[in-house]
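Colleague: Enclosed is the structure file coords.txt (compact mmCIF, C-alpha atoms and all ligand atoms).
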```txt
# COMPACT_ATOMS: atom_id res chain seq x y z
CA MET A 89 23.47 -4.19 28.80
CA LYS A 90 20.89 -4.27 31.61
CA LYS A 91 17.47 -5.61 30.63
CA GLN A 92 15.00 -2.89 29.70
CA GLN A 93 11.45 -3.03 30.99
CA ARG A 94 9.26 -3.17 27.94
CA LEU A 95 9.25 -3.23 24.18
CA SER A 96 6.23 -2.66 21.94
CA LEU A 97 7.07 -4.65 18.83
CA CYS A 98 4.88 -3.80 15.83
CA VAL A 99 5.23 -6.11 12.84
CA PHE A 100 3.70 -5.04 9.54
CA ILE A 101 3.04 -7.88 7.08
CA ASP A 102 1.85 -6.60 3.70
CA ALA A 103 -1.34 -8.29 2.44
CA PHE A 104 -1.71 -10.70 5.39
CA GLY A 105 -5.49 -10.26 5.41
CA TRP A 106 -8.13 -11.56 7.78
CA GLU A 107 -9.23 -14.38 5.46
CA LEU A 108 -5.71 -15.85 5.72
CA ALA A 109 -5.14 -14.98 9.38
CA ARG A 110 -8.28 -16.74 10.53
CA LYS A 111 -7.63 -19.91 8.49
CA HIS A 112 -3.94 -20.53 9.15
CA ALA A 113 -2.17 -21.47 12.37
CA PHE A 114 0.04 -18.50 13.21
CA LEU A 115 1.92 -17.74 16.43
CA ASP A 116 -0.47 -19.93 18.41
CA GLY A 117 0.37 -19.78 22.10
CA ILE A 118 1.82 -16.28 21.65
CA LEU A 119 -1.08 -14.26 20.24
CA ALA A 120 -3.87 -13.41 22.66
CA LEU A 121 -6.14 -12.09 19.96
CA LYS A 122 -6.70 -12.18 16.20
CA ALA A 123 -9.29 -9.84 14.74
CA PRO A 124 -10.45 -8.42 11.41
CA LEU A 125 -9.28 -4.88 10.71
CA GLN A 126 -11.10 -2.72 8.18
CA THR A 127 -8.91 -1.55 5.34
CA ILE A 128 -9.40 1.63 3.35
CA PHE A 129 -10.05 2.09 -0.35
CA GLY A 130 -6.92 2.02 -2.50
CA TYR A 131 -3.59 0.23 -2.60
CA SER A 132 -0.62 0.09 -0.23
CA SER A 133 0.22 3.59 -1.48
CA THR A 134 -2.91 4.78 0.37
CA CYS A 135 -3.07 2.26 3.22
CA ASP A 136 0.47 2.71 4.51
CA PRO A 137 0.19 6.52 4.91
CA THR A 138 -3.08 5.95 6.80
CA ILE A 139 -1.42 3.47 9.19
CA ILE A 140 1.36 5.90 10.08
CA THR A 141 -0.69 9.14 10.18
CA GLY A 142 -4.11 7.99 11.42
CA LEU A 143 -5.64 10.01 8.58
CA LEU A 144 -7.91 9.09 5.70
CA PRO A 145 -6.66 9.51 2.11
CA ARG A 146 -8.24 12.98 1.56
CA ASP A 147 -6.32 14.24 4.62
CA HIS A 148 -2.90 12.70 3.95
CA GLY A 149 -3.12 13.23 0.19
CA HIS A 150 -1.90 9.79 -0.96
CA PHE A 151 -3.95 7.51 -3.15
CA ALA A 152 -2.70 5.94 -6.37
CA PHE A 153 0.77 6.59 -7.80
CA PHE A 154 -0.25 8.43 -10.99
CA ARG A 155 -2.60 11.38 -11.44
CA TYR A 156 -3.43 13.62 -14.36
CA ALA A 157 -1.45 16.85 -13.96
CA PRO A 158 0.38 17.77 -17.19
CA SER A 159 1.75 21.07 -15.84
CA ARG A 160 3.31 19.27 -12.88
CA SER A 161 4.46 16.16 -14.71
CA PRO A 162 8.10 15.24 -14.04
CA PHE A 163 7.88 13.09 -17.19
CA ARG A 164 7.48 15.98 -19.67
CA TRP A 165 10.99 15.53 -21.00
CA TYR A 166 10.65 11.83 -21.67
CA ARG A 167 8.31 11.91 -24.64
CA PRO A 168 11.06 10.78 -27.05
CA LEU A 169 11.01 7.43 -25.23
CA SER A 170 7.65 6.81 -26.87
CA TYR A 171 9.36 6.63 -30.28
CA LEU A 172 11.49 3.66 -29.25
CA PRO A 173 10.14 0.24 -30.23
CA LYS A 174 7.36 -0.96 -27.94
CA SER A 175 8.78 -4.51 -27.93
CA LEU A 176 11.89 -3.16 -26.20
CA MET A 177 10.34 -0.52 -23.95
CA ASN A 178 7.68 -2.77 -22.54
CA ARG A 179 10.08 -5.40 -21.27
CA GLY A 180 9.88 -5.68 -17.50
CA ARG A 181 13.62 -5.40 -17.06
CA VAL A 182 13.91 -2.31 -19.25
CA ARG A 183 11.11 -0.60 -17.33
CA HIS A 184 12.64 -1.57 -14.03
CA LYS A 185 16.05 -0.15 -15.03
CA LEU A 186 14.43 3.03 -16.36
CA SER A 187 12.49 3.41 -13.09
CA GLN A 188 15.70 3.13 -11.06
CA TRP A 189 17.48 5.61 -13.29
CA PHE A 190 14.58 8.05 -13.21
CA LYS A 191 14.29 7.84 -9.44
CA LYS A 192 17.97 8.60 -9.01
CA LEU A 193 17.96 11.42 -11.55
CA HIS A 194 15.09 13.20 -9.80
CA GLY A 195 16.27 12.46 -6.29
CA TYR A 196 13.05 10.68 -5.34
CA THR A 197 13.27 8.92 -1.98
CA GLY A 198 9.84 7.26 -2.05
CA TYR A 199 8.77 4.07 -3.73
CA PHE A 200 9.03 4.59 -7.47
CA GLN A 201 8.01 2.36 -10.39
CA LEU A 202 6.93 3.25 -13.90
CA TYR A 203 4.87 0.06 -13.99
CA ASN A 204 3.23 -0.31 -17.40
CA MET A 205 2.51 3.41 -17.91
CA PRO A 206 2.45 4.12 -21.66
CA PHE A 207 5.45 6.27 -22.62
CA ASP A 208 3.42 8.34 -25.10
CA ARG A 209 1.08 9.41 -22.26
CA LEU A 210 3.43 9.60 -19.31
CA HIS A 211 4.00 13.35 -19.83
CA LEU A 212 0.38 13.99 -18.79
CA PHE A 213 0.85 12.52 -15.31
CA ASP A 214 2.41 13.40 -11.99
CA TYR A 215 3.73 10.86 -9.50
CA SER A 216 2.36 11.01 -5.96
CA GLU A 217 5.01 9.33 -3.81
CA LYS A 218 8.19 11.25 -4.50
CA ARG A 219 9.36 11.30 -0.89
CA ASP A 220 10.05 8.56 1.64
CA LEU A 221 6.85 8.28 3.69
CA TYR A 222 8.76 7.33 6.81
CA GLU A 223 11.14 10.29 6.79
CA LYS A 224 10.47 13.94 7.65
CA ASP A 225 8.04 15.70 5.27
CA GLY A 226 7.17 12.39 3.63
CA ILE A 227 3.40 12.97 3.64
CA ASN A 228 1.89 14.97 0.76
CA SER A 229 -0.48 17.01 2.96
CA GLY A 230 2.35 17.87 5.35
CA ALA A 231 0.74 15.88 8.18
CA PRO A 232 3.15 14.37 10.71
CA THR A 233 3.55 10.61 10.90
CA LEU A 234 3.98 8.47 13.98
CA PHE A 235 7.73 8.57 13.32
CA ASP A 236 7.73 12.39 13.06
CA GLU A 237 6.02 12.49 16.46
CA LEU A 238 8.61 10.15 17.96
CA ARG A 239 11.50 12.14 16.47
CA ALA A 240 10.02 15.43 17.74
CA ARG A 241 9.72 14.00 21.26
CA GLY A 242 13.18 12.42 21.16
CA ILE A 243 11.72 8.96 21.77
CA PRO A 244 14.13 6.25 20.65
CA TYR A 245 12.60 3.74 18.24
CA PHE A 246 13.55 1.14 15.68
CA MET A 247 12.20 1.28 12.13
CA SER A 248 13.02 -1.15 9.32
CA ASP A 249 14.29 0.09 5.98
CA TRP A 250 11.34 -0.63 3.67
CA ARG A 251 13.71 -0.83 0.71
CA GLN A 252 15.30 -3.96 2.10
CA GLY A 253 14.13 -7.56 1.90
CA GLU A 254 12.56 -9.35 4.82
CA GLU A 255 15.65 -11.27 5.91
CA ALA A 256 17.70 -8.07 6.08
CA ASN A 257 14.97 -6.38 8.10
CA LEU A 258 14.75 -9.25 10.58
CA ARG A 259 18.53 -9.33 10.89
CA ASP A 260 18.79 -5.55 11.40
CA PHE A 261 16.18 -5.61 14.13
CA LYS A 262 18.05 -8.33 16.02
CA ALA A 263 21.34 -6.47 15.61
CA ALA A 264 19.76 -3.23 16.90
CA LEU A 265 18.54 -5.00 20.05
CA GLY A 266 22.09 -5.42 21.29
CA GLN A 267 23.17 -1.91 20.32
CA ARG A 268 20.74 0.52 21.92
CA PRO A 269 17.52 0.59 23.96
CA PHE A 270 14.22 1.55 22.36
CA GLY A 271 10.72 1.02 23.69
CA PHE A 272 9.06 0.94 20.27
CA ALA A 273 9.88 -0.97 17.09
CA TYR A 274 8.27 -1.18 13.65
CA VAL A 275 9.40 -4.17 11.62
CA TYR A 276 8.40 -4.03 7.96
CA LEU A 277 7.81 -7.29 6.07
CA ALA A 278 6.41 -6.97 2.56
CA ALA A 279 7.20 -10.13 0.61
CA MET A 280 3.91 -12.00 1.05
CA ASP A 281 2.12 -9.49 -1.16
CA ALA A 282 4.11 -10.72 -4.18
CA VAL A 283 3.51 -14.40 -3.29
CA LEU A 284 -0.24 -13.74 -3.20
CA HIS A 285 -0.23 -11.75 -6.45
CA ALA A 286 1.63 -14.58 -8.18
CA HIS A 287 -0.15 -17.62 -6.73
CA GLY A 288 -3.47 -16.55 -5.18
CA THR A 289 -4.62 -17.16 -1.61
CA HIS A 290 -4.99 -20.97 -1.74
CA ALA A 291 -1.53 -21.89 -3.02
CA PRO A 292 0.86 -24.03 -0.94
CA GLN A 293 3.42 -21.22 -1.25
CA VAL A 294 1.13 -19.03 0.86
CA ALA A 295 0.80 -21.60 3.66
CA GLU A 296 4.59 -22.03 3.56
CA LYS A 297 5.12 -18.30 3.75
CA ILE A 298 2.85 -18.00 6.79
CA GLN A 299 4.77 -20.84 8.48
CA TRP A 300 7.99 -19.03 7.67
CA TYR A 301 6.67 -15.85 9.34
CA ASP A 302 5.62 -17.96 12.33
CA ARG A 303 9.18 -19.31 12.76
CA GLN A 304 10.84 -15.96 12.11
CA LEU A 305 8.66 -14.06 14.57
CA ARG A 306 9.07 -16.67 17.32
CA ASP A 307 12.79 -16.24 16.83
CA LEU A 308 12.46 -12.45 16.87
CA ILE A 309 10.45 -12.47 20.10
CA ALA A 310 12.96 -14.81 21.77
CA ALA A 311 15.77 -12.43 20.74
CA ALA A 312 13.82 -9.41 22.04
CA GLU A 313 13.09 -11.15 25.35
CA THR A 314 16.79 -11.45 26.09
CA HIS A 315 16.88 -7.62 26.18
CA TYR A 316 13.42 -6.70 27.52
CA GLU A 317 11.42 -7.96 30.51
CA THR A 318 8.19 -7.69 28.52
CA VAL A 319 7.67 -7.81 24.77
CA ARG A 320 4.27 -6.62 23.60
CA LEU A 321 3.75 -7.96 20.07
CA PHE A 322 1.36 -6.44 17.53
CA VAL A 323 1.08 -7.94 14.04
CA PHE A 324 -1.05 -6.26 11.38
CA SER A 325 -1.53 -5.81 7.67
CA ASP A 326 -2.71 -3.08 5.32
CA HIS A 327 -5.20 -5.09 3.25
CA GLY A 328 -6.12 -8.62 2.22
CA MET A 329 -6.04 -10.29 -1.19
CA THR A 330 -8.75 -11.43 -3.59
CA ASP A 331 -8.32 -14.34 -6.00
CA ILE A 332 -8.69 -13.30 -9.63
CA HIS A 333 -11.34 -15.20 -11.59
CA ASP A 334 -11.85 -12.89 -14.56
CA LEU A 335 -9.96 -10.37 -16.70
CA CYS A 336 -11.43 -7.21 -18.17
CA ASP A 337 -9.82 -5.29 -21.03
CA LEU A 338 -11.34 -1.96 -20.07
CA ILE A 339 -8.94 0.02 -22.27
CA ALA A 340 -10.30 -1.81 -25.33
CA LEU A 341 -13.79 -0.81 -24.27
CA VAL A 342 -13.03 2.90 -23.77
CA GLU A 343 -10.63 3.66 -26.64
CA PRO A 344 -13.04 2.90 -29.54
CA ALA A 345 -15.44 5.53 -28.16
CA GLY A 346 -13.48 7.96 -30.31
CA LEU A 347 -12.28 10.41 -27.66
CA ARG A 348 -8.71 11.71 -27.83
CA PHE A 349 -6.53 10.85 -24.84
CA GLY A 350 -4.99 14.00 -23.42
CA GLU A 351 -7.32 16.23 -25.46
CA ASP A 352 -10.83 15.15 -24.56
CA TYR A 353 -10.12 13.06 -21.50
CA ALA A 354 -7.37 11.36 -19.53
CA ALA A 355 -7.44 8.08 -17.64
CA VAL A 356 -5.33 5.89 -15.42
CA TYR A 357 -6.13 2.21 -15.56
CA ASP A 358 -5.06 0.79 -12.22
CA SER A 359 -5.45 -2.95 -11.58
CA THR A 360 -8.90 -2.79 -10.02
CA MET A 361 -10.20 0.64 -10.95
CA ALA A 362 -10.02 3.18 -13.74
CA ARG A 363 -9.90 6.89 -12.94
CA PHE A 364 -11.01 9.49 -15.48
CA TRP A 365 -10.53 13.22 -15.98
CA PHE A 366 -12.69 15.13 -18.47
CA LEU A 367 -11.08 17.87 -20.53
CA LYS A 368 -13.88 18.77 -22.98
CA PRO A 369 -17.65 19.13 -22.64
CA GLY A 370 -19.44 15.88 -23.46
CA ALA A 371 -16.46 13.65 -22.67
CA ARG A 372 -17.93 12.51 -19.37
CA GLU A 373 -21.20 11.49 -21.01
CA THR A 374 -19.38 9.50 -23.71
CA ILE A 375 -17.16 7.68 -21.20
CA GLU A 376 -20.11 6.95 -18.90
CA SER A 377 -22.12 5.59 -21.82
CA VAL A 378 -19.46 2.97 -22.58
CA LEU A 379 -18.69 2.13 -18.96
CA VAL A 380 -22.33 1.35 -18.28
CA THR A 381 -22.08 -1.50 -20.82
CA GLU A 382 -19.46 -3.28 -18.64
CA PRO A 383 -21.38 -5.25 -15.99
CA ARG A 384 -18.29 -6.42 -14.08
CA GLY A 385 -17.69 -3.00 -12.55
CA ARG A 386 -19.48 0.20 -11.66
CA CYS A 387 -19.08 3.96 -11.54
CA MET A 388 -18.71 5.08 -7.95
CA THR A 389 -20.86 7.83 -6.53
CA ARG A 390 -19.40 10.91 -4.85
CA GLU A 391 -21.13 9.87 -1.63
CA GLU A 392 -19.38 6.50 -1.66
CA LEU A 393 -15.98 8.10 -2.23
CA ALA A 394 -16.64 10.59 0.55
CA ALA A 395 -17.69 7.81 2.93
CA TRP A 396 -14.39 6.04 2.20
CA GLY A 397 -12.37 9.23 2.76
CA CYS A 398 -11.47 9.47 -0.93
CA ASP A 399 -13.18 12.78 -1.80
CA PHE A 400 -10.02 14.62 -2.79
CA GLU A 401 -9.91 18.37 -3.10
CA GLY A 402 -9.96 19.35 -6.79
CA ASP A 403 -10.63 15.73 -7.77
CA THR A 404 -6.89 15.34 -7.92
CA TYR A 405 -7.02 11.53 -8.26
CA GLY A 406 -9.86 11.49 -10.78
CA GLU A 407 -13.29 12.97 -11.53
CA LEU A 408 -14.85 9.57 -12.09
CA PHE A 409 -13.85 6.23 -10.57
CA PHE A 410 -14.90 2.97 -12.21
CA LEU A 411 -14.38 0.13 -9.72
CA MET A 412 -14.26 -3.52 -10.76
CA ASN A 413 -16.17 -6.22 -8.90
CA PRO A 414 -13.98 -8.31 -6.54
CA GLY A 415 -11.94 -10.87 -8.50
CA VAL A 416 -12.07 -9.01 -11.83
CA LEU A 417 -8.67 -7.67 -12.90
CA ILE A 418 -8.23 -4.88 -15.43
CA CYS A 419 -5.77 -6.49 -17.83
CA PRO A 420 -3.86 -5.08 -19.54
CA SER A 421 -3.72 -1.99 -17.33
CA PHE A 422 -1.28 0.86 -16.74
CA MET A 423 0.00 -1.23 -13.83
CA GLY A 424 0.72 -4.44 -15.72
CA GLU A 425 0.24 -6.41 -18.92
CA LYS A 426 0.07 -9.91 -17.50
CA PRO A 427 -2.74 -11.61 -15.59
CA LEU A 428 -2.24 -12.13 -11.85
CA ALA A 429 -3.64 -14.78 -9.51
CA GLY A 430 -4.48 -12.31 -6.75
CA MET A 431 -5.13 -8.58 -6.42
CA HIS A 432 -6.25 -6.03 -3.83
CA GLY A 433 -7.82 -2.60 -4.16
CA TYR A 434 -11.46 -3.68 -4.45
CA SER A 435 -14.27 -2.44 -2.22
CA PRO A 436 -12.97 -2.28 1.37
CA GLU A 437 -16.26 -3.90 2.36
CA ASP A 438 -15.50 -7.09 0.43
CA ALA A 439 -14.38 -9.98 2.70
CA GLY A 440 -11.13 -10.50 0.77
CA SER A 441 -10.06 -6.88 1.30
CA VAL A 442 -10.19 -6.97 5.10
CA ALA A 443 -6.85 -6.65 6.91
CA ALA A 444 -5.88 -8.39 10.17
CA PHE A 445 -4.87 -7.25 13.63
CA MET A 446 -3.19 -9.63 16.07
CA SER A 447 -1.67 -9.02 19.46
CA SER A 448 0.07 -10.90 22.26
CA VAL A 449 -1.66 -8.69 24.86
CA PRO A 450 -5.30 -7.67 25.35
CA VAL A 451 -6.04 -4.37 23.59
CA SER A 452 -8.78 -1.92 24.46
CA PRO A 453 -10.25 -0.37 22.46
CA LEU A 454 -9.63 -2.83 19.65
CA PRO A 455 -8.55 -1.05 16.45
CA ASN A 456 -11.43 -1.09 14.02
CA ARG A 457 -9.78 0.32 10.89
CA LEU A 458 -6.24 1.04 9.64
CA ASP A 459 -6.29 4.62 10.97
CA ASP A 460 -6.79 3.29 14.52
CA LEU A 461 -3.38 1.60 14.34
CA TYR A 462 -1.74 5.02 14.48
CA ARG A 463 -3.47 5.83 17.76
CA LEU A 464 -2.63 2.42 19.21
CA MET A 465 1.04 2.74 18.23
CA MET A 466 1.31 6.29 19.61
CA ARG A 467 -0.12 5.09 22.92
CA GLU A 468 2.32 2.18 23.02
CA ALA A 469 5.30 4.37 22.17
CA LEU A 470 4.44 7.03 24.77
CA GLU A 471 3.75 4.50 27.52
CA GLY A 472 6.92 2.59 26.66
CA GLU A 473 8.95 5.78 26.87
CA ASN A 474 8.20 6.02 30.61
CA ARG A 475 9.62 2.56 31.13
CA LEU A 476 13.00 3.04 29.42
CA GLU A 477 15.96 3.43 31.75
ZN ZN B 501 0.14 -5.77 -3.74
```
Please express the file's structure as structure tokens.
Ligand SMILES: [Zn+2]
Modeller:
Amino acid sequence: MKKQQRLSLCVFIDAFGWELARKHAFLDGILALKAPLQTIFGYSSTCDPTIITGLLPRDHGHFAFFRYAPSRSPFRWYRPLSYLPKSLMNRGRVRHKLSQWFKKLHGYTGYFQLYNMPFDRLHLFDYSEKRDLYEKDGINSGAPTLFDELRARGIPYFMSDWRQGEEANLRDFKAALGQRPFGFAYVYLAAMDAVLHAHGTHAPQVAEKIQWYDRQLRDLIAAAETHYETVRLFVFSDHGMTDIHDLCDLIALVEPAGLRFGEDYAAVYDSTMARFWFLKPGARETIESVLVTEPRGRCMTREELAAWGCDFEGDTYGELFFLMNPGVLICPSFMGEKPLAGMHGYSPEDAGSVAAFMSSVPVSPLPNRLDDLYRLMMREALEGENRLE
């Protein structure tokens, strides 16, 4: 195959934040720039849709996985599961198997996990990522993604399968190079997130993982350069990671207030925030009166949520958000029972939350926040299209 002119190679590394990128040697001699990139409020379930649509959460409609919506809950029929012994049902492997089975049964193509959601309350909640974000109609608001735009224009591209592990994704990219020309590629690498959750940001495993990425990406670029005259490399992340120094049992604070879950109020306890819905008059005041006694977090104002693009129509992801201070993990939560060494999903303004943007070529304007990546990638893909033969 004749050498093609140019490839824009975008590599997404989950949780490779600025604090790590600026401290560790990484692709030195290849990268022309390394810069902080503002993240947005939420988890990967919010950040990734923003990267591929250029929209803020209120406009793409993705935030956390679970939201109070009993009439729309796909879990209505699973209440009997709550009568099975907790010791069995709360085992990680049982939940994982159930998640897989549930996903298949309902034909969900998105990322699906039951996490630690209580089975006696699951019927009150809807799941927000039923469809594969990267395929057609994957975005809740109906907005097109970068990949929808490329498909509509008939621009050939490569996209990793996010369900696969990193080694498979690296291998598939290299295999695709020899099979067909494409001017744009998006390689998805998501394993460092788990390393950071398990060990924190200072562990030797993290330094090793970054060295591993360094070797793998050098290899990837060398492979790409045998097929393309120019390889323009962009490496970026969705968020950083904050080391956990304190645990907060927020559920144990709220439950004794005497309100009935599902009758008076509903709540989702994520890892770094709790989101509340109020179903009876007075419930908000009661919840607020207990939350104010917890100094390691705070109730967010509507203005703050709006400034972060998280003012959702109909308060679909919660009427009140209680956000923990950086480094404080809600534990147990509806996401997990066990403590973690690292977590993300704190204030986007906290240093640990900041994502990273790195590039082998000068970039102007420099992306400032995750949503700018969409515009940068569109530009790269459209310019690259003119150089394919
Ligand atoms: Zn994570």
Colleague: Can you tell me how far CA of Gly105 in chain A sits from CA of Met329 in chain A, in Å to one decimal?
Modeller: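 Result for CA of Gly105 in chain A versus CA of Met329 in chain A: 6.6 Å, one decimal.
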Colleague: Using all atoms listed in the file, which protein or nucleic acid residues are at most 10 Å from ligand ZN 501 (chain B), as a ChimeraX atom specification?
Modeller: /A:102-103,131-133,278-286,326-329,430-433
Colleague: Save the residues we just selected, C-alpha atoms, as a compact mmCIF listing (two decimals), in the frame of the given file?
Modeller:
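Okay, again_12.txt is ready:
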```
# COMPACT_ATOMS: atom_id res chain seq x y z
CA ASP A 102 1.85 -6.60 3.70
CA ALA A 103 -1.34 -8.29 2.44
CA TYR A 131 -3.59 0.23 -2.60
CA SER A 132 -0.62 0.09 -0.23
CA SER A 133 0.22 3.59 -1.48
CA ALA A 278 6.41 -6.97 2.56
CA ALA A 279 7.20 -10.13 0.61
CA MET A 280 3.91 -12.00 1.05
CA ASP A 281 2.12 -9.49 -1.16
CA ALA A 282 4.11 -10.72 -4.18
CA VAL A 283 3.51 -14.40 -3.29
CA LEU A 284 -0.24 -13.74 -3.20
CA HIS A 285 -0.23 -11.75 -6.45
CA ALA A 286 1.63 -14.58 -8.18
CA ASP A 326 -2.71 -3.08 5.32
CA HIS A 327 -5.20 -5.09 3.25
CA GLY A 328 -6.12 -8.62 2.22
CA MET A 329 -6.04 -10.29 -1.19
CA GLY A 430 -4.48 -12.31 -6.75
CA MET A 431 -5.13 -8.58 -6.42
CA HIS A 432 -6.25 -6.03 -3.83
CA GLY A 433 -7.82 -2.60 -4.16
```
Colleague: Taking only C-alpha atoms into account, which of A:Leu258, A:Val182, A:Leu335, A:Leu408 comes nearest Phe366 in chain A?
Modeller: A:Leu408
Colleague: Around the point (8.5, -6.3, 9.8) in the file's coordinates, collect all residues with an atom within 7 Å, using only C-alpha atoms, and return them as an mmCIF file with C-alpha atoms, keeping the file's coordinate frame.
Modeller:
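The result, stored in result-v3.cif:
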```cif
data_model
loop_
_atom_site.group_PDB
_atom_site.id
_atom_site.type_symbol
_atom_site.label_atom_id
_atom_site.label_comp_id
_atom_site.auth_asym_id
_atom_site.auth_seq_id
_atom_site.Cartn_x
_atom_site.Cartn_y
_atom_site.Cartn_z
ATOM 1 C CA VAL A 99 5.230 -6.110 12.840
ATOM 2 C CA PHE A 100 3.700 -5.040 9.540
ATOM 3 C CA ILE A 101 3.040 -7.880 7.080
ATOM 4 C CA SER A 248 13.020 -1.150 9.320
ATOM 5 C CA ASN A 257 14.970 -6.380 8.100
ATOM 6 C CA LEU A 258 14.750 -9.250 10.580
ATOM 7 C CA TYR A 274 8.270 -1.180 13.650
ATOM 8 C CA VAL A 275 9.400 -4.170 11.620
ATOM 9 C CA TYR A 276 8.400 -4.030 7.960
ATOM 10 C CA LEU A 277 7.810 -7.290 6.070
#
```
Colleague: Please identify all polymer residues within 8 Å of range 363-365 of chain A, counting only C-alpha atoms, omitting same-chain residues fewer than 3 positions from it, and present them as a PDB file with C-alpha atoms, in the coordinates of the input.
Modeller:
```
ATOM      1  CA  TYR A 156      -3.430  13.620 -14.360  1.00  0.00           C
ATOM      2  CA  TYR A 353     -10.120  13.060 -21.500  1.00  0.00           C
ATOM      3  CA  ALA A 354      -7.370  11.360 -19.530  1.00  0.00           C
ATOM      4  CA  ALA A 355      -7.440   8.080 -17.640  1.00  0.00           C
ATOM      5  CA  VAL A 356      -5.330   5.890 -15.420  1.00  0.00           C
ATOM      6  CA  TYR A 357      -6.130   2.210 -15.560  1.00  0.00           C
ATOM      7  CA  ASP A 358      -5.060   0.790 -12.220  1.00  0.00           C
ATOM      8  CA  TYR A 405      -7.020  11.530  -8.260  1.00  0.00           C
ATOM      9  CA  GLY A 406      -9.860  11.490 -10.780  1.00  0.00           C
ATOM     10  CA  GLU A 407     -13.290  12.970 -11.530  1.00  0.00           C
ATOM     11  CA  LEU A 408     -14.850   9.570 -12.090  1.00  0.00           C
ATOM     12  CA  PHE A 409     -13.850   6.230 -10.570  1.00  0.00           C
ATOM     13  CA  PHE A 410     -14.900   2.970 -12.210  1.00  0.00           C
TER      14      PHE A 410
END
```
Colleague: Which residues come within 12 Å of Leu143 in chain A, counting only C-alpha atoms, excluding same-chain residues fewer than 5 positions away, as a list in words?
Modeller: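 Those residues are Ile128, Thr134, Cys135, Asp136, Pro137, Thr138, His148, Gly149, His150, Ile227, Asn228, Ser229, Gly230, Ala231, Pro232, Thr233, Leu234, Trp396, Gly397, Cys398, Arg457, Leu458, Asp459, Asp460, Leu461, Tyr462 and Arg463 of chain A.
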Colleague: Can you tell me, as a ChimeraX atom specification, which residues sit within 8 Å of (0.4, 11.5, -11.8) in the file's frame, using all atoms listed in the file?
Modeller: /A:153-157,161,212-216
Colleague: My structure is short of atoms at range 151-165 of chain A; please model N, CA and C atoms there, returning them as an mmCIF file, in the frame of the given file.
Modeller:
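That gives us selection-v1.cif:
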```
data_model
loop_
_atom_site.group_PDB
_atom_site.id
_atom_site.type_symbol
_atom_site.label_atom_id
_atom_site.label_comp_id
_atom_site.auth_asym_id
_atom_site.auth_seq_id
_atom_site.Cartn_x
_atom_site.Cartn_y
_atom_site.Cartn_z
ATOM 1 N N PHE A 151 -2.980 8.496 -2.674
ATOM 2 C CA PHE A 151 -3.950 7.510 -3.150
ATOM 3 C C PHE A 151 -3.248 6.570 -4.114
ATOM 4 N N ALA A 152 -3.411 6.775 -5.402
ATOM 5 C CA ALA A 152 -2.700 5.940 -6.370
ATOM 6 C C ALA A 152 -1.409 6.661 -6.764
ATOM 7 N N PHE A 153 -0.517 5.977 -7.473
ATOM 8 C CA PHE A 153 0.770 6.590 -7.800
ATOM 9 C C PHE A 153 0.660 7.684 -8.873
ATOM 10 N N PHE A 154 -0.207 7.486 -9.870
ATOM 11 C CA PHE A 154 -0.250 8.430 -10.990
ATOM 12 C C PHE A 154 -1.548 9.227 -11.008
ATOM 13 N N ARG A 155 -1.420 10.521 -11.329
ATOM 14 C CA ARG A 155 -2.600 11.380 -11.440
ATOM 15 C C ARG A 155 -2.388 12.368 -12.579
ATOM 16 N N TYR A 156 -3.486 12.702 -13.222
ATOM 17 C CA TYR A 156 -3.430 13.620 -14.360
ATOM 18 C C TYR A 156 -3.042 15.016 -13.881
ATOM 19 N N ALA A 157 -1.924 15.513 -14.349
ATOM 20 C CA ALA A 157 -1.450 16.850 -13.960
ATOM 21 C C ALA A 157 -0.326 17.241 -14.918
ATOM 22 N N PRO A 158 -0.670 17.551 -16.190
ATOM 23 C CA PRO A 158 0.380 17.770 -17.190
ATOM 24 C C PRO A 158 1.353 18.895 -16.824
ATOM 25 N N SER A 159 0.857 19.955 -16.139
ATOM 26 C CA SER A 159 1.750 21.070 -15.840
ATOM 27 C C SER A 159 2.745 20.711 -14.736
ATOM 28 N N ARG A 160 2.428 19.678 -13.980
ATOM 29 C CA ARG A 160 3.310 19.270 -12.880
ATOM 30 C C ARG A 160 4.079 17.997 -13.195
ATOM 31 N N SER A 161 3.884 17.477 -14.401
ATOM 32 C CA SER A 161 4.460 16.160 -14.710
ATOM 33 C C SER A 161 5.990 16.202 -14.739
ATOM 34 N N PRO A 162 6.639 15.330 -13.953
ATOM 35 C CA PRO A 162 8.100 15.240 -14.040
ATOM 36 C C PRO A 162 8.529 14.466 -15.285
ATOM 37 N N PHE A 163 7.561 13.946 -16.041
ATOM 38 C CA PHE A 163 7.880 13.090 -17.190
ATOM 39 C C PHE A 163 7.815 13.846 -18.520
ATOM 40 N N ARG A 164 7.644 15.195 -18.448
ATOM 41 C CA ARG A 164 7.480 15.980 -19.670
ATOM 42 C C ARG A 164 8.598 15.768 -20.672
ATOM 43 N N TRP A 165 9.808 15.571 -20.133
ATOM 44 C CA TRP A 165 10.990 15.530 -21.000
ATOM 45 C C TRP A 165 11.257 14.139 -21.567
#
```
